[in-house]
Amino acid sequence: MTVNSQPGAELPLQSQENVVIRFAGDSGDGMQITGNQFTTTSAIAGNDLATLPDFPAEIRAPAGTRPGVSGFQVRFSSSDIHTPGDSPDVLVAMNPAALVVNIADLKPGGIVLVNTGNWGETDLKKARLAKDPLKDGTLNGYRLIEIDINQRVKEALTDSPLSARDVQRCKNFYTLGLMYWLYSRPLEPTEKWLKAKFGKKPDLADANITAMRAGYNAGDIQELFQGRYEVPPCDTLPPGTYRNVMGNEALSMGLVAGAELAGLELYLGSYPITPASDILHYLSGYKNHGVVTVQSEDEIAAICSAIGASFAGMIGMTSTSGPGVALKTEALGLAISTELPLVLVDVQRAGPSTGMPTKTEQSDLYQAVLGRNGDAPLPVVSCSTPSDAFECAIEAVRLAVRYMTPVILLSDGYIANGSEPWRVPDADSLEPFRVKFQTETKDFHAFKRDDRLVRPWAKPGTPGLEHRIGGLEKDEHSGNISYDPINHERMTHLRANKIMGIQREIATPEVFGAKEGKLLVVGWGSTYGSIRSAMEICLRDGKSIGAIHMRHMWPFAPGLAELFARYERVLVPELNLGQLARLLRSEYPGVEFISYPKVQGLPFSTAELVARFDELV
Amino acid sequence: MSDSNVTPLTKKDLKSDQEVRWCPGCGDYSILNSVQTVLADLGIARENLAVISGIGCSSRFPYYMNTYGFHTIHGRAPAIATGVKIANPELSVWMITGDGDGLSIGANHTAHMLRRNVDVKVLLFNNQIYGLTKGQYSPTSPVGLRTKSTPFGSIDRPFNPVSFALGSGATFVARTIDTHPKHMEKIFHAAAQHKGTAYVEIFQNCVIFNDGCFDSVANRKVRDDRTFDLEPGQPMVYGKEGDKGVRFDGFDVEFTDAANAEVWDPTRPTTAAAQILAELDADHEKPTAIGIFRQVQAPTYDGGVRGQVNQVLATKGRGRLEDLLKRGETWTVS
């Protein structure tokens, strides 16, 4: 990133393949909005991109302190990318705390933009800094740009009718304007967004637009930077209509699509919990699609009301995170025993207990696959990227209604809040799987199975099919209560075999990279992007390495044993202490699975994966 | 809900083919009988009846009804019944619960169902004991009750189910007695007519673990003198000879003669009067109020949920999946 400075001349424009910016400030500074706007604008400019929001669990931790720092990382590129990047090229720090929390991640030689308007004695003290990091050598090796954004915004908005306090709230848009200038982005998309957002408060829209333009112009006038950059559009994206999508939104749309493809009304019972609440928010806004949402009194009521809705002929769903799944566990058993369709979305977060609610982890795999009383198997589907959440949600609904079973759909905080460009599928191209309710009364009983061992769905209101279901064991031949020992064993096998039968319609995962060789990497869930990026690097170096990514966490896809046999070693990186590795060991006892765990509430970096892969090949 | 083209049902039509397996002499038999009598009378098609229960002796109830039924998990019947009613508002949904199921493990859900006013009829079988787990004290057991888990006497203060329901904002609250089929049927009829949550506490005898728990008021020999029936718009008169009456004296209740009895109004703006009467059962010297404590109209939750969806559909039109997927900023790569 060396650029020759030519004072007085027009600043040089340099092309870059990809750039990572991290916006960091107080949780009240609007860094998430700033990051999202930069993302949307870059998406419209045709870049491939990936984002990583990182915010504290506290809504407003004490201002200026380290726990109050909120960050948003966006990577935008002219080539196909899979992660938000290991380390930023640019760090925007709105106060000393934001600087000190994030500086270690910045690339050597990277740009640090600090707001010196929030850099007084008290600001340093709030960040628990004895010395000023701008002066003590902390920033040696970086390119420091100091701007008093507080003052610049105040000057830009002298004519604004807003209060001094509200004027200061436009700081983030000044910063955004400056970044737009630096990376040659258009201002129009954000201006349009501001006008729409503050339609009824034009003063706010005007002030933010003025602040943003001031920031943009500052880049031109003040020679803060030695040059400007551009990141050309990504030309490897397949043709189509694109939008930027966050994981929770894609997942919510997938649930709506799934219900529509099944020909059913969607019922969501949910209780607010980080990081899953947005699914409740999105679906609550989709009432024009006939979606029914109920915010229940607790996690248990949420799933139970959804089970009631499924009994009555809707497709019941519930969305939560790990602690909520724990509470719903008994009810899941009821849905398994009564063989009612249901989709439970678990947006995983760091645990156990309350853990780190805003930090990501993949540590609910055991809970999803094994965590119930009795022998109680159910299908578990896991999404790997924000846009993949759409497809996985449809798959979860499909399995639920096709096999009359609850399904757990695993996402996590990284997918939920991350975003990426999504090639919007043609709604008409999605394959329907319409549910046919039982109406025939002859020889009916509620637990009579078809050739896939699936029982009929007979909903209340259907004449002649009146029947009772419940959590007590049922007689295989009549559906009535039975305590017969042999019958119970039969029924336990039937329920398990029904779920294992799903294997018939799962494809063996495709191998990326070497089809045989020294190392196979087995990934699942949100580690997809990091593993993919690391693989690309290793393959470029000619390493004998392949990778698969699992979507079906139970039952497993067929053909895995044969696949594992083609490699000397199998490595399982995951954001827990080795849960998938252990499940694989029990299913494929002849294979040596090497676990590569990480539990820091953060995704794998590409670099750490490359390093681990290199050790093994 | 009443279907005119439906062949009238008889009680027999509502009996399932399952053998009833409560203990001989259990109060549940007469409740089942009364429910079947009333439901057959309502003119509702059998397929539109759904009986939802939790766990406990009473919760076996759905298996004995030849309707749609769901025997769920402990305490959660209110949540499941809520989902059923929202999913199909055409159904007449009846929920069967007990003092342990509905007021201990499921008290939370009960309270929230009542405040929401979901259109479900709730029958709470109160026998002041855990029967299915073989005799532990329940949240309605009196202080001092000796049970397997309280060999030295219970030190828990009990819930009063009617007070609980009134305090939760219930729109219909009643109390009846298992040994009094005529009264039960009258109350069940009124509950069935109510639009919203109808909450009925039934004094129910457990012959095995708490026999005679309501004898002092429910025994046929003393019942007329020990209970008074709250009938909307009627004077609060009671006694074998119908010569006794009840009236309010400020925040107290005065037991007087029939001529001085006050007319009962379960539609008062506040629950204060109903609460005063509900709590009489704590005093074993005074008669206990049964009948209808509260009967007011309020919007139902299920109606509201469905109504809002319909309103959005009417104003915005039915959403197309394609438009949903393309919401927000899109761009084209060619």
# chains A, B, ... in the order shown; residues from 1 in each chain; ligands from 1

call {"tool": "residues_around", "arguments": {"residues": "segment 271-275 of chain A", "least_positions_apart": "6", "cutoff": "6 Å", "atoms": "only C-alpha atoms", "output": "list in words"}}
result
Gln295, Ser296, Asp298, Glu299, Pro357 and Gly413 of chain A

call {"tool": "residues_around", "arguments": {"residues": "Ala496 of chain A", "least_positions_apart": "3", "cutoff": "8 Å", "atoms": "only C-alpha atoms", "output": "ChimeraX atom specification"}}
result
/A:375-377,492-493,499-500

call {"tool": "write_last_selection", "arguments": {"atoms": "N, CA and C atoms", "output": "PDB file, in the first residue's frame"}}
result
ATOM      1  N   ASP A 375     -34.764 -42.493  24.126  1.00  0.00           N
ATOM      2  CA  ASP A 375     -34.137 -42.576  22.811  1.00  0.00           C
ATOM      3  C   ASP A 375     -34.968 -41.706  21.897  1.00  0.00           C
ATOM      4  N   ALA A 376     -34.454 -40.530  21.591  1.00  0.00           N
ATOM      5  CA  ALA A 376     -35.293 -39.518  20.947  1.00  0.00           C
ATOM      6  C   ALA A 376     -34.573 -38.817  19.808  1.00  0.00           C
ATOM      7  N   PRO A 377     -34.325 -39.554  18.714  1.00  0.00           N
ATOM      8  CA  PRO A 377     -33.594 -38.937  17.611  1.00  0.00           C
ATOM      9  C   PRO A 377     -34.474 -37.982  16.793  1.00  0.00           C
ATOM     10  N   THR A 492     -39.690 -47.751  19.652  1.00  0.00           N
ATOM     11  CA  THR A 492     -38.429 -47.011  19.759  1.00  0.00           C
ATOM     12  C   THR A 492     -37.602 -47.211  18.492  1.00  0.00           C
ATOM     13  N   HIS A 493     -37.571 -48.468  18.017  1.00  0.00           N
ATOM     14  CA  HIS A 493     -36.855 -48.740  16.767  1.00  0.00           C
ATOM     15  C   HIS A 493     -37.518 -48.049  15.580  1.00  0.00           C
ATOM     16  N   ILE A 499     -36.186 -41.818  11.268  1.00  0.00           N
ATOM     17  CA  ILE A 499     -35.233 -40.696  11.145  1.00  0.00           C
ATOM     18  C   ILE A 499     -34.023 -41.127  10.318  1.00  0.00           C
ATOM     19  N   MET A 500     -33.522 -42.356  10.570  1.00  0.00           N
ATOM     20  CA  MET A 500     -32.356 -42.811   9.794  1.00  0.00           C
ATOM     21  C   MET A 500     -32.700 -42.920   8.307  1.00  0.00           C
TER      22      MET A 500
END

call {"tool": "residues_around", "arguments": {"residues": "Trp264 of chain B", "least_positions_apart": "6", "cutoff": "9 Å", "atoms": "only C-alpha atoms", "output": "PyMOL selection string"}}
result
chain B and resi 230-236+293

call {"tool": "write_last_selection", "arguments": {"atoms": "all heavy atoms", "output": "short mmCIF file (atom, residue, chain, number, x, y, z; two decimals), in the first residue's frame"}}
result
data_model
loop_
_atom_site.label_atom_id
_atom_site.label_comp_id
_atom_site.auth_asym_id
_atom_site.auth_seq_id
_atom_site.Cartn_x
_atom_site.Cartn_y
_atom_site.Cartn_z
N LEU B 230 -73.34 -18.50 43.39
CA LEU B 230 -73.33 -17.17 42.77
C LEU B 230 -73.97 -17.28 41.39
O LEU B 230 -73.37 -17.80 40.45
CB LEU B 230 -71.89 -16.66 42.65
CG LEU B 230 -71.13 -16.54 43.97
CD1 LEU B 230 -69.68 -16.17 43.71
CD2 LEU B 230 -71.79 -15.50 44.88
N GLU B 231 -75.19 -16.81 41.31
CA GLU B 231 -75.89 -16.81 40.02
C GLU B 231 -76.04 -15.38 39.55
O GLU B 231 -76.58 -14.55 40.29
CB GLU B 231 -77.27 -17.46 40.17
CG GLU B 231 -77.22 -18.94 40.47
CD GLU B 231 -78.61 -19.55 40.42
OE1 GLU B 231 -79.01 -20.00 39.33
OE2 GLU B 231 -79.29 -19.55 41.46
N PRO B 232 -75.59 -15.10 38.34
CA PRO B 232 -75.66 -13.73 37.84
C PRO B 232 -77.08 -13.17 37.94
O PRO B 232 -78.03 -13.81 37.50
CB PRO B 232 -75.21 -13.85 36.39
CG PRO B 232 -74.38 -15.09 36.35
CD PRO B 232 -74.96 -16.01 37.38
N GLY B 233 -77.19 -12.00 38.54
CA GLY B 233 -78.49 -11.33 38.60
C GLY B 233 -79.44 -11.89 39.64
O GLY B 233 -80.59 -11.44 39.73
N GLN B 234 -79.00 -12.88 40.41
CA GLN B 234 -79.86 -13.48 41.43
C GLN B 234 -79.36 -13.12 42.83
O GLN B 234 -78.17 -12.95 43.04
CB GLN B 234 -79.87 -15.01 41.29
CG GLN B 234 -80.41 -15.52 39.96
CD GLN B 234 -81.88 -15.17 39.79
OE1 GLN B 234 -82.68 -15.29 40.72
NE2 GLN B 234 -82.24 -14.67 38.62
N PRO B 235 -80.32 -13.05 43.80
CA PRO B 235 -79.88 -12.79 45.18
C PRO B 235 -79.06 -13.96 45.72
O PRO B 235 -79.31 -15.12 45.35
CB PRO B 235 -81.18 -12.62 45.96
CG PRO B 235 -82.26 -13.14 45.09
CD PRO B 235 -81.77 -13.13 43.68
N MET B 236 -78.09 -13.67 46.55
CA MET B 236 -77.21 -14.70 47.09
C MET B 236 -77.92 -15.39 48.27
O MET B 236 -77.66 -15.09 49.43
CB MET B 236 -75.88 -14.08 47.52
CG MET B 236 -75.09 -13.52 46.34
SD MET B 236 -73.46 -12.88 46.80
CE MET B 236 -73.88 -11.28 47.47
N PHE B 293 -68.14 -16.36 39.59
CA PHE B 293 -67.52 -15.21 40.26
C PHE B 293 -67.35 -14.04 39.30
O PHE B 293 -67.42 -12.88 39.71
CB PHE B 293 -66.15 -15.60 40.82
CG PHE B 293 -66.21 -16.50 42.01
CD1 PHE B 293 -66.46 -17.86 41.86
CD2 PHE B 293 -66.03 -16.00 43.30
CE1 PHE B 293 -66.51 -18.71 42.96
CE2 PHE B 293 -66.09 -16.83 44.40
CZ PHE B 293 -66.34 -18.19 44.24
#

call {"tool": "select_by_dssp", "arguments": {"residues": "segment 40-132 of chain B", "states": "alpha helix (DSSP H)", "output": "ChimeraX atom specification"}}
result
/B:40-41,77-87,99-100,107-116

call {"tool": "write_last_selection", "arguments": {"atoms": "C-alpha atoms", "output": "mmCIF file, in the first residue's frame"}}
result
data_model
loop_
_atom_site.group_PDB
_atom_site.id
_atom_site.type_symbol
_atom_site.label_atom_id
_atom_site.label_comp_id
_atom_site.auth_asym_id
_atom_site.auth_seq_id
_atom_site.Cartn_x
_atom_site.Cartn_y
_atom_site.Cartn_z
ATOM 1 C CA ALA B 40 -73.395 -33.403 23.564
ATOM 2 C CA ASP B 41 -75.872 -30.603 24.213
ATOM 3 C CA ALA B 77 -51.507 -27.568 28.380
ATOM 4 C CA PRO B 78 -52.370 -23.824 28.386
ATOM 5 C CA ALA B 79 -49.571 -23.115 25.894
ATOM 6 C CA ILE B 80 -50.496 -26.032 23.670
ATOM 7 C CA ALA B 81 -54.201 -25.172 23.826
ATOM 8 C CA THR B 82 -53.293 -21.591 22.851
ATOM 9 C CA GLY B 83 -51.523 -22.845 19.735
ATOM 10 C CA VAL B 84 -54.418 -25.143 18.842
ATOM 11 C CA LYS B 85 -57.009 -22.390 19.196
ATOM 12 C CA ILE B 86 -54.987 -19.884 17.162
ATOM 13 C CA ALA B 87 -54.295 -22.452 14.463
ATOM 14 C CA ASP B 99 -54.002 -28.316 41.056
ATOM 15 C CA GLY B 100 -50.459 -29.577 40.569
ATOM 16 C CA ALA B 107 -49.119 -21.707 36.980
ATOM 17 C CA ASN B 108 -47.104 -19.399 34.773
ATOM 18 C CA HIS B 109 -48.818 -20.548 31.600
ATOM 19 C CA THR B 110 -52.217 -20.508 33.298
ATOM 20 C CA ALA B 111 -51.747 -16.889 34.361
ATOM 21 C CA HIS B 112 -50.686 -15.826 30.884
ATOM 22 C CA MET B 113 -53.512 -17.651 29.170
ATOM 23 C CA LEU B 114 -55.982 -15.928 31.486
ATOM 24 C CA ARG B 115 -54.571 -12.443 30.958
ATOM 25 C CA ARG B 116 -54.560 -12.968 27.185
#

call {"tool": "interface_residues", "arguments": {"of": "chain B", "to": "chain A", "cutoff": "8 Å", "atoms": "only C-alpha atoms", "output": "PDB file with C-alpha atoms, in the first residue's frame"}}
result
ATOM      1  CA  ARG B  46     -67.579 -33.929  17.234  1.00  0.00           C
ATOM      2  CA  GLU B  47     -64.660 -33.209  14.922  1.00  0.00           C
ATOM      3  CA  ASN B  48     -64.635 -29.614  16.103  1.00  0.00           C
ATOM      4  CA  LEU B  49     -64.049 -30.532  19.714  1.00  0.00           C
ATOM      5  CA  ALA B  50     -60.471 -30.659  20.987  1.00  0.00           C
ATOM      6  CA  PRO B  62     -58.819 -36.744  26.667  1.00  0.00           C
ATOM      7  CA  TYR B  63     -58.348 -40.503  26.203  1.00  0.00           C
ATOM      8  CA  ASN B  66     -64.254 -39.523  21.447  1.00  0.00           C
ATOM      9  CA  THR B  67     -63.099 -36.147  20.122  1.00  0.00           C
ATOM     10  CA  TYR B  68     -59.727 -34.810  19.044  1.00  0.00           C
ATOM     11  CA  GLY B  69     -57.486 -34.930  22.077  1.00  0.00           C
ATOM     12  CA  PHE B  70     -53.940 -34.203  23.155  1.00  0.00           C
ATOM     13  CA  HIS B  71     -52.432 -35.480  26.391  1.00  0.00           C
ATOM     14  CA  THR B  72     -49.398 -33.221  26.593  1.00  0.00           C
ATOM     15  CA  ILE B  73     -46.689 -32.610  29.189  1.00  0.00           C
ATOM     16  CA  ARG B  76     -47.934 -26.931  29.482  1.00  0.00           C
ATOM     17  CA  ALA B  79     -49.571 -23.115  25.894  1.00  0.00           C
ATOM     18  CA  ILE B  80     -50.496 -26.032  23.670  1.00  0.00           C
ATOM     19  CA  ALA B  81     -54.201 -25.172  23.826  1.00  0.00           C
ATOM     20  CA  THR B  82     -53.293 -21.591  22.851  1.00  0.00           C
ATOM     21  CA  GLY B  83     -51.523 -22.845  19.735  1.00  0.00           C
ATOM     22  CA  VAL B  84     -54.418 -25.143  18.842  1.00  0.00           C
ATOM     23  CA  LYS B  85     -57.009 -22.390  19.196  1.00  0.00           C
ATOM     24  CA  ILE B  86     -54.987 -19.884  17.162  1.00  0.00           C
ATOM     25  CA  ALA B  87     -54.295 -22.452  14.463  1.00  0.00           C
ATOM     26  CA  ASN B  88     -57.973 -23.331  14.109  1.00  0.00           C
ATOM     27  CA  GLU B  90     -63.306 -23.005  14.591  1.00  0.00           C
ATOM     28  CA  LEU B  91     -62.453 -25.554  17.250  1.00  0.00           C
ATOM     29  CA  ASN B 108     -47.104 -19.399  34.773  1.00  0.00           C
ATOM     30  CA  HIS B 109     -48.818 -20.548  31.600  1.00  0.00           C
ATOM     31  CA  HIS B 112     -50.686 -15.826  30.884  1.00  0.00           C
ATOM     32  CA  VAL B 305     -53.889 -12.651  16.425  1.00  0.00           C
ATOM     33  CA  ARG B 306     -55.987 -13.795  13.492  1.00  0.00           C
ATOM     34  CA  VAL B 309     -53.053 -11.027  10.125  1.00  0.00           C
ATOM     35  CA  ASN B 310     -56.305 -10.590   8.226  1.00  0.00           C
ATOM     36  CA  VAL B 312     -52.577  -6.741   7.161  1.00  0.00           C
ATOM     37  CA  LEU B 313     -53.584  -9.082   4.350  1.00  0.00           C
ATOM     38  CA  LYS B 316     -51.255  -4.803   1.981  1.00  0.00           C
ATOM     39  CA  GLY B 317     -52.591  -7.654  -0.103  1.00  0.00           C
ATOM     40  CA  ARG B 318     -51.259 -11.184  -0.048  1.00  0.00           C
ATOM     41  CA  GLY B 319     -47.464 -11.002  -0.190  1.00  0.00           C
ATOM     42  CA  ARG B 320     -45.650 -12.785  -2.990  1.00  0.00           C
ATOM     43  CA  LEU B 321     -42.608 -14.811  -2.070  1.00  0.00           C
ATOM     44  CA  GLU B 322     -40.679 -13.280  -4.941  1.00  0.00           C
ATOM     45  CA  LEU B 324     -40.215 -10.834  -0.092  1.00  0.00           C
ATOM     46  CA  LEU B 325     -36.933 -12.276  -1.308  1.00  0.00           C
ATOM     47  CA  LYS B 326     -36.127  -9.124  -3.271  1.00  0.00           C
ATOM     48  CA  GLY B 328     -34.475  -3.841  -0.001  1.00  0.00           C
ATOM     49  CA  GLU B 329     -31.658  -2.849  -2.340  1.00  0.00           C
ATOM     50  CA  THR B 330     -30.937  -5.271  -5.145  1.00  0.00           C
ATOM     51  CA  TRP B 331     -28.460  -5.149  -8.004  1.00  0.00           C
ATOM     52  CA  THR B 332     -27.927  -7.160 -11.114  1.00  0.00           C
ATOM     53  CA  VAL B 333     -24.832  -8.996 -12.225  1.00  0.00           C
ATOM     54  CA  SER B 334     -24.938  -9.844 -15.909  1.00  0.00           C
TER      55      SER B 334
END

call {"tool": "residues_around", "arguments": {"residues": "Ala416 of chain A", "least_positions_apart": "3", "cutoff": "8 Å", "atoms": "only C-alpha atoms", "output": "PyMOL selection string"}}
result
chain A and resi 246-249+275-276+347+386+411-413
